[in-house]
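Chemist: Sharing query-v6.cif (mmCIF, C-alpha atoms) below.
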```cif
data_query
#
loop_
_atom_site.label_atom_id
_atom_site.label_comp_id
_atom_site.auth_asym_id
_atom_site.auth_seq_id
_atom_site.Cartn_x
_atom_site.Cartn_y
_atom_site.Cartn_z
CA MET A 187 0.03 -34.28 83.52
CA ALA A 188 -0.58 -37.78 82.29
CA GLN A 189 0.58 -38.70 78.84
CA VAL A 190 -2.26 -38.94 76.33
CA ARG A 191 -1.79 -41.50 73.58
CA ALA A 192 -3.64 -41.68 70.32
CA GLY A 193 -5.44 -44.82 69.20
CA PRO A 194 -4.22 -47.21 66.51
CA SER A 195 -2.49 -45.38 63.69
CA ARG A 196 -4.04 -45.38 60.25
CA ALA A 197 -2.19 -46.42 57.11
CA GLU A 198 -0.24 -43.51 55.68
CA PRO A 199 -1.35 -42.23 52.26
CA SER A 200 1.06 -42.19 49.36
CA ARG A 201 3.00 -39.01 48.61
CA ALA A 202 0.79 -38.52 45.52
CA ALA A 203 -2.30 -38.73 47.68
CA ARG A 204 -0.80 -36.36 50.24
CA GLY A 205 -0.06 -33.84 47.49
CA ALA A 206 -3.77 -33.77 46.66
CA MET A 207 -4.65 -33.40 50.36
CA SER A 208 -2.33 -30.62 51.48
CA LEU A 209 0.34 -28.21 50.40
CA GLU A 210 3.93 -29.34 50.04
CA ALA A 211 6.91 -27.27 51.11
CA LEU A 212 9.19 -29.49 49.05
CA ARG A 213 9.09 -32.11 46.32
CA TYR A 214 11.78 -34.73 46.21
CA ARG A 215 12.77 -37.68 44.10
CA ARG A 216 16.18 -39.30 43.97
CA GLY A 217 18.58 -36.71 42.57
CA SER A 218 16.07 -33.85 42.48
CA LEU A 219 14.88 -31.45 45.20
CA ARG A 220 12.43 -28.63 44.55
CA ILE A 221 11.21 -26.22 47.23
CA LEU A 222 8.17 -23.98 47.26
CA ASN A 223 9.54 -20.43 47.42
CA GLN A 224 7.52 -19.16 50.36
CA LEU A 225 8.65 -15.58 49.81
CA LEU A 226 6.33 -15.47 46.80
CA LEU A 227 3.21 -16.75 48.58
CA PRO A 228 0.34 -16.14 48.44
CA GLN A 229 0.58 -14.28 45.13
CA ARG A 230 2.61 -16.95 43.32
CA SER A 231 3.20 -20.67 43.81
CA CYS A 232 6.65 -21.39 42.41
CA TYR A 233 8.89 -24.41 43.03
CA GLU A 234 12.63 -23.83 42.69
CA GLU A 235 15.31 -26.43 42.06
CA ILE A 236 17.93 -26.99 44.77
CA GLY A 237 20.98 -28.50 43.13
CA GLY A 238 23.22 -28.89 46.16
CA VAL A 239 24.35 -27.74 49.57
CA ARG A 240 25.15 -24.12 48.70
CA GLN A 241 21.72 -23.59 47.14
CA GLY A 242 20.13 -25.31 50.12
CA TRP A 243 21.98 -22.98 52.51
CA GLU A 244 20.93 -19.92 50.52
CA ALA A 245 17.27 -21.00 50.40
CA ILE A 246 17.23 -21.59 54.16
CA ARG A 247 19.01 -18.32 54.96
CA ALA A 248 16.72 -16.30 52.68
CA MET A 249 13.66 -18.00 54.24
CA LYS A 250 12.46 -19.37 50.92
CA VAL A 251 11.95 -22.44 53.08
CA ARG A 252 11.39 -22.08 56.83
CA GLY A 253 10.11 -23.95 59.83
CA ALA A 254 12.54 -25.98 61.93
CA PRO A 255 11.57 -29.45 60.59
CA ALA A 256 11.56 -28.31 56.95
CA ILE A 257 14.93 -26.58 57.35
CA ALA A 258 16.54 -29.84 58.51
CA ILE A 259 14.91 -31.89 55.77
CA VAL A 260 15.86 -29.47 53.00
CA GLY A 261 19.39 -29.18 54.35
CA CYS A 262 19.98 -32.93 54.43
CA LEU A 263 18.25 -33.55 51.11
CA SER A 264 20.34 -30.83 49.46
CA LEU A 265 23.38 -32.86 50.49
CA ALA A 266 21.74 -36.03 49.17
CA VAL A 267 21.15 -34.36 45.80
CA GLU A 268 24.75 -33.18 45.63
CA LEU A 269 26.04 -36.63 46.52
CA HIS A 270 23.79 -38.24 43.92
CA GLY A 271 25.15 -35.80 41.36
CA GLY A 272 28.69 -37.05 41.95
CA ALA A 273 30.09 -34.68 44.57
CA GLY A 274 33.21 -36.18 46.12
CA MET A 275 33.57 -38.62 43.25
CA GLY A 276 37.07 -40.04 43.08
CA GLN A 277 37.67 -39.60 46.82
CA ASP A 278 38.15 -42.54 49.13
CA LYS A 279 35.63 -43.13 51.90
CA THR A 280 37.62 -41.03 54.38
CA GLY A 281 37.67 -38.06 52.01
CA LEU A 282 33.96 -38.46 51.31
CA GLU A 283 33.19 -38.60 55.03
CA THR A 284 35.08 -35.33 55.51
CA PHE A 285 33.12 -33.74 52.65
CA ILE A 286 29.83 -34.85 54.24
CA ARG A 287 30.74 -33.52 57.68
CA ASP A 288 31.98 -30.20 56.29
CA SER A 289 28.77 -29.79 54.28
CA LEU A 290 26.61 -30.47 57.32
CA ARG A 291 28.52 -27.96 59.47
CA TYR A 292 28.02 -25.34 56.77
CA LEU A 293 24.27 -25.98 56.57
CA VAL A 294 23.89 -25.46 60.34
CA THR A 295 25.17 -21.88 59.98
CA ALA A 296 22.25 -20.83 57.76
CA ARG A 297 19.84 -20.37 60.70
CA PRO A 298 21.33 -21.29 64.08
CA THR A 299 18.35 -20.96 66.44
CA ALA A 300 16.32 -23.90 65.10
CA VAL A 301 17.82 -27.03 66.62
CA ASN A 302 16.52 -29.56 64.06
CA MET A 303 19.23 -28.83 61.48
CA ALA A 304 21.98 -28.98 64.10
CA ARG A 305 20.66 -32.28 65.45
CA ALA A 306 20.27 -33.77 61.99
CA ALA A 307 23.83 -32.69 61.13
CA GLU A 308 25.16 -34.28 64.30
CA GLU A 309 23.25 -37.53 63.78
CA LEU A 310 23.97 -37.82 60.06
CA GLY A 311 27.63 -36.96 60.62
CA ALA A 312 27.91 -39.67 63.28
CA PHE A 313 26.14 -42.13 60.99
CA ALA A 314 28.53 -41.31 58.13
CA SER A 315 31.54 -41.85 60.41
CA GLN A 316 30.17 -45.16 61.62
CA GLU A 317 29.52 -46.32 58.07
CA ALA A 318 32.99 -45.22 56.92
CA GLN A 319 34.61 -47.23 59.69
CA ARG A 320 33.07 -50.49 58.51
CA GLU A 321 35.82 -52.58 56.96
CA GLU A 322 33.74 -53.57 53.97
CA ALA A 323 32.50 -50.01 53.31
CA THR A 324 33.45 -48.17 50.14
CA ALA A 325 33.02 -44.57 49.12
CA GLU A 326 30.03 -45.57 46.99
CA SER A 327 28.34 -47.55 49.77
CA LEU A 328 28.85 -44.58 52.11
CA ARG A 329 27.33 -42.25 49.52
CA GLU A 330 24.27 -44.47 49.13
CA SER A 331 23.79 -44.91 52.89
CA VAL A 332 23.86 -41.15 53.51
CA ILE A 333 21.36 -40.52 50.72
CA GLN A 334 18.99 -43.13 52.15
CA TRP A 335 19.33 -41.66 55.65
CA ALA A 336 18.33 -38.22 54.38
CA GLU A 337 15.41 -39.64 52.41
CA ALA A 338 14.06 -41.43 55.50
CA MET A 339 13.64 -38.06 57.24
CA LEU A 340 10.70 -37.20 54.99
CA GLU A 341 8.43 -40.05 56.01
CA LYS A 342 9.39 -39.90 59.68
CA ASP A 343 8.56 -36.20 59.90
CA LEU A 344 5.14 -36.74 58.35
CA GLN A 345 4.34 -39.61 60.70
CA ASP A 346 5.51 -37.58 63.71
CA ASN A 347 3.36 -34.63 62.68
CA ARG A 348 0.23 -36.76 62.40
CA SER A 349 0.92 -38.15 65.87
CA ILE A 350 1.40 -34.63 67.23
CA GLY A 351 -1.93 -33.63 65.68
CA GLU A 352 -3.81 -36.56 67.19
CA HIS A 353 -2.25 -36.26 70.66
CA GLY A 354 -2.81 -32.52 70.78
CA ALA A 355 -6.40 -32.61 69.57
CA ARG A 356 -7.41 -35.28 72.07
CA HIS A 357 -5.68 -33.58 74.97
CA LEU A 358 -7.21 -30.20 74.14
CA LEU A 359 -10.70 -31.71 73.86
CA GLN A 360 -10.33 -33.57 77.16
CA ALA A 361 -9.34 -30.32 78.87
CA SER A 362 -12.16 -28.26 77.32
CA PRO A 363 -15.77 -28.19 78.54
CA GLN A 364 -16.85 -27.29 75.00
CA ASP A 365 -17.68 -29.75 72.24
CA LYS A 366 -16.16 -27.40 69.67
CA VAL A 367 -13.07 -25.34 70.42
CA THR A 368 -11.62 -22.08 69.14
CA VAL A 369 -7.85 -21.99 68.73
CA LEU A 370 -5.45 -19.06 68.38
CA THR A 371 -2.11 -19.72 66.67
CA HIS A 372 1.00 -17.77 65.69
CA CYS A 373 3.43 -17.85 62.74
CA ASN A 374 3.27 -20.85 60.39
CA THR A 375 3.52 -24.40 61.67
CA GLY A 376 1.77 -26.36 58.93
CA SER A 377 2.59 -28.24 55.75
CA LEU A 378 4.77 -25.35 54.63
CA ALA A 379 7.00 -25.66 57.72
CA THR A 380 7.36 -29.44 57.72
CA ALA A 381 7.27 -32.49 55.45
CA GLY A 382 3.48 -32.26 55.66
CA TYR A 383 0.45 -31.82 57.98
CA GLY A 384 2.29 -29.62 60.49
CA THR A 385 2.81 -29.33 64.24
CA ALA A 386 0.56 -26.69 65.84
CA LEU A 387 -1.40 -26.47 62.60
CA GLY A 388 -1.46 -30.28 62.61
CA VAL A 389 -3.36 -30.12 65.91
CA ILE A 390 -5.81 -27.72 64.27
CA ARG A 391 -6.16 -30.02 61.24
CA SER A 392 -6.88 -32.97 63.55
CA LEU A 393 -9.52 -30.99 65.46
CA HIS A 394 -11.13 -30.03 62.17
CA ALA A 395 -11.09 -33.64 60.92
CA LEU A 396 -12.74 -34.79 64.15
CA GLY A 397 -15.50 -32.18 63.73
CA HIS A 398 -14.58 -30.41 66.95
CA LEU A 399 -13.06 -27.17 65.62
CA GLU A 400 -15.22 -24.07 65.88
CA HIS A 401 -12.77 -21.45 64.57
CA VAL A 402 -9.11 -20.49 64.22
CA TYR A 403 -7.57 -17.07 64.81
CA CYS A 404 -4.15 -16.69 63.21
CA THR A 405 -1.83 -13.75 63.80
CA GLU A 406 -0.26 -11.87 60.91
CA THR A 407 3.15 -12.50 62.57
CA ARG A 408 5.14 -9.36 61.90
CA PRO A 409 7.60 -8.46 60.62
CA TYR A 410 7.75 -11.27 58.03
CA ASN A 411 4.00 -11.97 57.99
CA GLN A 412 4.23 -15.76 58.02
CA GLY A 413 0.75 -15.91 59.50
CA ALA A 414 -0.86 -13.62 56.93
CA ARG A 415 1.04 -15.06 53.96
CA LEU A 416 1.38 -18.74 54.86
CA THR A 417 -0.92 -19.89 57.67
CA ALA A 418 -3.89 -18.02 56.20
CA TYR A 419 -3.01 -19.58 52.83
CA GLU A 420 -3.04 -23.09 54.32
CA LEU A 421 -6.27 -22.54 56.26
CA VAL A 422 -8.09 -21.25 53.17
CA TYR A 423 -6.62 -24.09 51.08
CA ASP A 424 -8.00 -26.68 53.53
CA HIS A 425 -11.37 -24.90 53.99
CA ILE A 426 -10.81 -24.48 57.74
CA PRO A 427 -12.89 -21.65 59.29
CA ALA A 428 -10.41 -18.96 60.23
CA THR A 429 -9.86 -15.25 60.80
CA LEU A 430 -6.64 -13.27 60.43
CA ILE A 431 -5.79 -10.77 63.19
CA ALA A 432 -2.95 -8.34 63.81
CA ASP A 433 -0.40 -9.36 66.42
CA SER A 434 -1.55 -6.45 68.58
CA MET A 435 -5.10 -7.86 68.69
CA VAL A 436 -4.35 -11.10 70.55
CA SER A 437 -5.35 -9.91 74.02
CA VAL A 438 -8.68 -8.50 72.94
CA ALA A 439 -9.32 -11.61 70.83
CA MET A 440 -8.78 -13.77 73.91
CA LYS A 441 -11.15 -11.57 75.88
CA GLU A 442 -13.96 -11.30 73.32
CA LYS A 443 -13.75 -14.21 70.84
CA GLY A 444 -14.08 -17.24 73.08
CA VAL A 445 -10.57 -18.58 72.53
CA SER A 446 -10.33 -22.06 74.08
CA ALA A 447 -6.58 -22.57 73.69
CA VAL A 448 -3.43 -21.11 72.19
CA VAL A 449 -1.34 -23.60 70.20
CA VAL A 450 2.05 -22.58 68.77
CA GLY A 451 5.13 -24.34 67.45
CA ALA A 452 8.75 -24.21 68.59
CA ASP A 453 12.15 -24.04 66.98
CA ARG A 454 13.87 -25.30 70.13
CA VAL A 455 12.71 -26.69 73.48
CA VAL A 456 15.35 -26.94 76.21
CA ALA A 457 15.69 -29.10 79.32
CA ASN A 458 13.53 -27.04 81.69
CA GLY A 459 10.76 -26.63 79.08
CA ASP A 460 11.60 -23.07 77.98
CA THR A 461 10.94 -22.69 74.25
CA ALA A 462 12.25 -20.56 71.42
CA ASN A 463 9.66 -19.71 68.80
CA LYS A 464 8.81 -16.91 66.41
CA VAL A 465 9.07 -13.52 68.07
CA GLY A 466 5.71 -12.57 69.57
CA THR A 467 5.12 -15.99 71.13
CA TYR A 468 6.22 -14.77 74.58
CA GLN A 469 3.60 -12.02 74.68
CA LEU A 470 0.95 -14.52 73.55
CA ALA A 471 1.82 -16.75 76.50
CA ILE A 472 1.60 -13.83 78.93
CA ALA A 473 -1.81 -12.82 77.58
CA ALA A 474 -3.06 -16.42 77.70
CA LYS A 475 -1.96 -16.73 81.32
CA HIS A 476 -3.85 -13.55 82.23
CA HIS A 477 -7.02 -14.81 80.55
CA GLU A 478 -6.63 -18.34 82.01
CA ILE A 479 -6.44 -19.88 78.54
CA PRO A 480 -4.34 -23.05 78.14
CA PHE A 481 -1.12 -22.40 76.24
CA TYR A 482 0.33 -25.33 74.25
CA VAL A 483 3.60 -25.78 72.39
CA ALA A 484 3.59 -28.40 69.60
CA ALA A 485 6.96 -29.70 68.44
CA PRO A 486 8.57 -33.01 67.47
CA SER A 487 11.15 -34.53 69.79
CA THR A 488 13.78 -33.51 67.22
CA SER A 489 13.15 -29.90 68.29
CA CYS A 490 13.99 -30.72 71.91
CA ASP A 491 17.52 -29.86 72.98
CA LEU A 492 18.14 -31.16 76.47
CA SER A 493 21.81 -30.25 76.30
CA LEU A 494 20.76 -26.69 77.19
CA ALA A 495 19.48 -26.17 80.73
CA GLU A 496 17.31 -23.09 80.10
CA GLY A 497 16.11 -20.70 77.43
CA ALA A 498 18.71 -18.05 78.24
CA GLU A 499 21.34 -20.33 76.65
CA ILE A 500 19.63 -20.37 73.23
CA VAL A 501 21.34 -18.30 70.53
CA ILE A 502 18.71 -15.97 69.07
CA GLU A 503 19.08 -15.17 65.37
CA GLU A 504 18.77 -11.52 64.39
CA ARG A 505 17.44 -10.77 60.94
CA PRO A 506 18.21 -7.89 58.54
CA SER A 507 16.67 -4.53 59.42
CA GLN A 508 14.97 -4.31 56.00
CA GLU A 509 12.54 -7.05 57.03
CA LEU A 510 11.09 -4.58 59.52
CA THR A 511 11.52 -1.28 57.69
CA ASP A 512 10.40 -2.43 54.22
CA VAL A 513 7.33 -4.17 52.81
CA ASN A 514 7.73 -5.78 49.39
CA GLY A 515 10.81 -3.68 48.78
CA VAL A 516 9.10 -0.40 49.70
CA ARG A 517 10.40 1.40 52.78
CA ILE A 518 7.68 2.26 55.29
CA ALA A 519 9.85 3.34 58.24
CA ALA A 520 11.44 6.73 58.71
CA PRO A 521 15.00 6.85 57.33
CA GLY A 522 17.62 6.87 60.07
CA ILE A 523 15.58 5.00 62.69
CA GLY A 524 17.41 2.22 64.55
CA VAL A 525 16.08 -1.35 64.21
CA TRP A 526 16.16 -4.38 66.51
CA ASN A 527 14.85 -7.46 64.71
CA PRO A 528 15.24 -10.74 66.63
CA ALA A 529 13.61 -13.62 64.78
CA PHE A 530 12.64 -15.49 67.96
CA ASP A 531 11.83 -14.99 71.61
CA ILE A 532 11.91 -17.29 74.63
CA THR A 533 8.72 -18.41 76.38
CA PRO A 534 9.43 -19.44 79.99
CA HIS A 535 8.22 -22.94 80.85
CA GLU A 536 5.89 -21.73 83.59
CA LEU A 537 3.73 -20.02 80.94
CA ILE A 538 3.21 -23.27 79.00
CA THR A 539 0.09 -24.16 80.96
CA GLY A 540 -1.52 -26.59 78.51
CA GLY A 541 1.54 -28.74 77.82
CA ILE A 542 4.20 -29.58 75.28
CA ILE A 543 2.76 -31.72 72.49
CA THR A 544 5.18 -34.19 70.89
CA GLU A 545 4.77 -37.30 68.77
CA LEU A 546 5.16 -39.27 72.04
CA GLY A 547 2.30 -37.57 73.87
CA VAL A 548 1.49 -34.37 75.78
CA PHE A 549 3.65 -33.47 78.76
CA CYS A 550 4.09 -30.73 81.34
CA PRO A 551 7.42 -28.96 80.81
CA GLU A 552 8.88 -30.63 83.92
CA GLU A 553 7.92 -34.08 82.56
CA LEU A 554 9.63 -33.62 79.22
CA ARG A 555 13.14 -34.77 80.11
CA ALA A 556 11.95 -38.12 81.46
CA ALA A 557 9.56 -38.63 78.54
CA LEU A 558 12.07 -38.26 75.72
CA PRO A 559 14.20 -41.16 74.49
CA GLY A 560 17.92 -41.08 75.30
CA ALA A 561 18.74 -40.21 71.68
CA VAL A 562 17.46 -36.66 72.14
CA LYS A 563 18.83 -36.14 75.63
CA GLY A 564 22.40 -35.77 74.48
CA GLU A 565 23.35 -38.91 76.42
#
```
What would the structure in this file look like if it were written as structure tokens?
Modeler:
Amino acid sequence: MAQVRAGPSRAEPSRAARGAMSLEALRYRRGSLRILNQLLLPQRSCYEEIGGVRQGWEAIRAMKVRGAPAIAIVGCLSLAVELHGGAGMGQDKTGLETFIRDSLRYLVTARPTAVNMARAAEELGAFASQEAQREEATAESLRESVIQWAEAMLEKDLQDNRSIGEHGARHLLQASPQDKVTVLTHCNTGSLATAGYGTALGVIRSLHALGHLEHVYCTETRPYNQGARLTAYELVYDHIPATLIADSMVSVAMKEKGVSAVVVGADRVVANGDTANKVGTYQLAIAAKHHEIPFYVAAPSTSCDLSLAEGAEIVIEERPSQELTDVNGVRIAAPGIGVWNPAFDITPHELITGGIITELGVFCPEELRAALPGAVKGE
């Protein structure tokens, strides 16, 4: 599969302009981080203050904020806020470096399957060590450098997402005989899962902006209903034509609703192209293969973990049983029933028939290793 590149990039809008254009999972200014509590959507839109690393960990673990890119950004910015507030004050640069590394290791434990937080922790930790080793460095210069590094993640993620959207839309249109396409998606991969615009939902936004989107089908995404609560919320907010379906309806939707492509996100993509994504993705890929519908995975290169050879090596997070047995605090399952509640499943690379969409282009799973820069190969 040849790489498809977008044309010249447009000037990025200001954060104020972006706020008017799309939803924001987080709001940040130096020393202050507020996250949109996604557990309350769509009934309430409430931003909560994150004062430091412990609150950041708790928000990530509780899924007040979710989506692999957003988890990494919130984690690192929670550390930036704590550092700006004076954490580690009075320590020398070695002591501050230790504090930074310990904080990052702690943040990784909140949700281990998504690779973005682990990669950000590794890269920021290495950066902090390098800065601390400079002869002229002080504790305060180290503090400032780490804060700036975390802040830079925001703009890079937004730029990457727009590139993913453009690459994916163009590739999908080139592969489709139709002028307007119908897309099926799963979970939430939009502004609420990233710094803005989204990955798989970014592809859908780009198709809509180009005037080539006929319709979107989004799954409810049981048991946590990210599709019904969050993706549907974003689609309505942006006036994108869409229909919500139950997870169990995907096969019949593919058969009867003219689905042109399935586009999903990923929390981790490994060396052979296997992907971990929200549970239910695997069955989507199987159904798409049966119906000869292209299946795409949209993810930034920061979600690619080439240190793992195949999907079987990915640690799959298991969530509390109440997420499956209860709805809004009301139990709906029979008392005493056993529960298995993995948050993710693995889609084998051979089922990713459309390609893996990154900010660098669209690639077959077997092309991915060669396409990614050395920084994400674990070299």
Chemist: Determine the residue set returned by the PyMOL selection byres ((chain A and resi 362) around 12) for the present structure, and present it as number ranges by chain.
Modeler: A: 355-361, 363-369, 398-399, 444-447, 479-480, 540
Chemist: Using only C-alpha atoms for the distances, tell me which of A:Ile246, A:Ala484, A:Ala495, A:Ile472 is nearest to Gly384 in chain A.
Modeler: A:Ala484
Chemist: Counting only C-alpha atoms, what is within 6 Å of range 289-303 of chain A, bar same-chain residues fewer than 5 positions away, as a list in words?
Modeler: Trp243, Arg247, Ala254, Ala258, Asp453, Arg454, Thr488, Ser489, Val501, Ile502 and Glu503 of chain A
Chemist: Do you know which residues are at most 8 Å from Ala256 in chain A counting all atoms listed in the file, after dropping those on the same chain fewer than 2 positions away, and could you put them as a list in words?
Modeler: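 Non-adjacent residues within range: Ala211, Val251, Arg252, Gly253, Ala254, Ala258, Ile259, Val260, Leu378, Ala379, Thr380 and Ala381 of chain A.
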Chemist: Counting only C-alpha atoms, find the residues whose atoms lie at most 10 Å from (4.9, -11.5, 58.0) (file coordinates) and write them out as a VMD selection string.
Modeler: chain A and resid 225 373 to 374 405 to 416 509 to 510 513
Chemist: Evaluating the PyMOL selection byres ((chain A and resi 236) around 8) on the displayed file yields which residues, as a PyMOL selection string?
Modeler: chain A and resi 218-221+234-235+237-238+241-242+264
Chemist: Once the PyMOL selection byres ((chain A and resi 534) around 8) has been applied to the shown file, what residues remain in the selection, as number ranges by chain?
Modeler: A: 459-461, 468, 497, 532-533, 535-538
Chemist: Considering all atoms listed in the file, return as a list in words whatever protein or nucleic-acid residues lie within 12 Å of Ala338 in chain A, sequence-local ones (same chain, fewer than 4 positions apart) excluded.
Modeler: Tyr214, Arg216, Ile259, Cys262, Leu263, Ala266, Ala306, Leu310, Ser331, Val332, Ile333, Gln334, Lys342, Asp343, Leu344, Gln345 and Ala381 of chain A
Chemist: Rank nothing, just name the residue among A:Ile257, A:Val465, A:Ala325, A:Ile431 nearest to Met275 in chain A, using all atoms listed in the file.
Modeler: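 Looking only at the distances to Met275 in chain A, the closest residue turns out to be A:Ala325.
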Chemist: Pick out the closest residue to Gly376 in chain A from this set: A:Leu265, A:Leu209, A:Ile523, A:Ala432. Count all atoms listed in the file.
Modeler: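 Closest to Gly376 in chain A, using all atoms listed in the file: A:Leu209.
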Chemist: Have a look at CA of Asp531 in chain A and CA of Asp433 in chain A and let me know their distance in Å, one decimal.
Modeler: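 Computing the Euclidean distance for CA of Asp531 in chain A and CA of Asp433 in chain A yields 14.4 Å.
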Chemist: Around the point (4.3, -32.4, 77.7) in the file's coordinates, collect all residues with an atom within 9 Å, using all atoms listed in the file, and return them as a tab-separated table (two decimals) with C-alpha atoms, keeping the file's coordinate frame.
Modeler:
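Final output, result.tsv:
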```tsv
chain	number	residue	atom	x	y	z
A	187	MET	CA	0.03	-34.28	83.52
A	188	ALA	CA	-0.58	-37.78	82.29
A	189	GLN	CA	0.58	-38.70	78.84
A	459	GLY	CA	10.76	-26.63	79.08
A	482	TYR	CA	0.33	-25.33	74.25
A	483	VAL	CA	3.60	-25.78	72.39
A	540	GLY	CA	-1.52	-26.59	78.51
A	541	GLY	CA	1.54	-28.74	77.82
A	542	ILE	CA	4.20	-29.58	75.28
A	543	ILE	CA	2.76	-31.72	72.49
A	544	THR	CA	5.18	-34.19	70.89
A	546	LEU	CA	5.16	-39.27	72.04
A	547	GLY	CA	2.30	-37.57	73.87
A	548	VAL	CA	1.49	-34.37	75.78
A	549	PHE	CA	3.65	-33.47	78.76
A	550	CYS	CA	4.09	-30.73	81.34
A	551	PRO	CA	7.42	-28.96	80.81
A	552	GLU	CA	8.88	-30.63	83.92
A	553	GLU	CA	7.92	-34.08	82.56
A	554	LEU	CA	9.63	-33.62	79.22
A	557	ALA	CA	9.56	-38.63	78.54
```
Chemist: In Å, how far is it from CA of Ile500 in chain A to CA of Gly388 in chain A?
Modeler: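 Result for CA of Ile500 in chain A versus CA of Gly388 in chain A: 25.6 Å, one decimal.
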Chemist: Using all atoms listed in the file, which of the listed residues (A:Val402, A:Ala418, A:Leu494, A:Leu370) sits closest to Ser437 in chain A?
Modeler: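 The answer is A:Leu370, which sits nearest to Ser437 in chain A.
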Chemist: Using only C-alpha atoms, can you tell me which of A:Thr371, A:Thr385, A:Gln469, A:Asn463 comes closest to His353 in chain A?
Modeler: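 Comparing A:Thr371, A:Thr385, A:Gln469, A:Asn463 against His353 in chain A, the winner is A:Thr385.
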Chemist: What is the distance, in Å and to one decimal place, between CA of Gly382 in chain A and CA of Ser231 in chain A?
Modeler: 16.6 Å
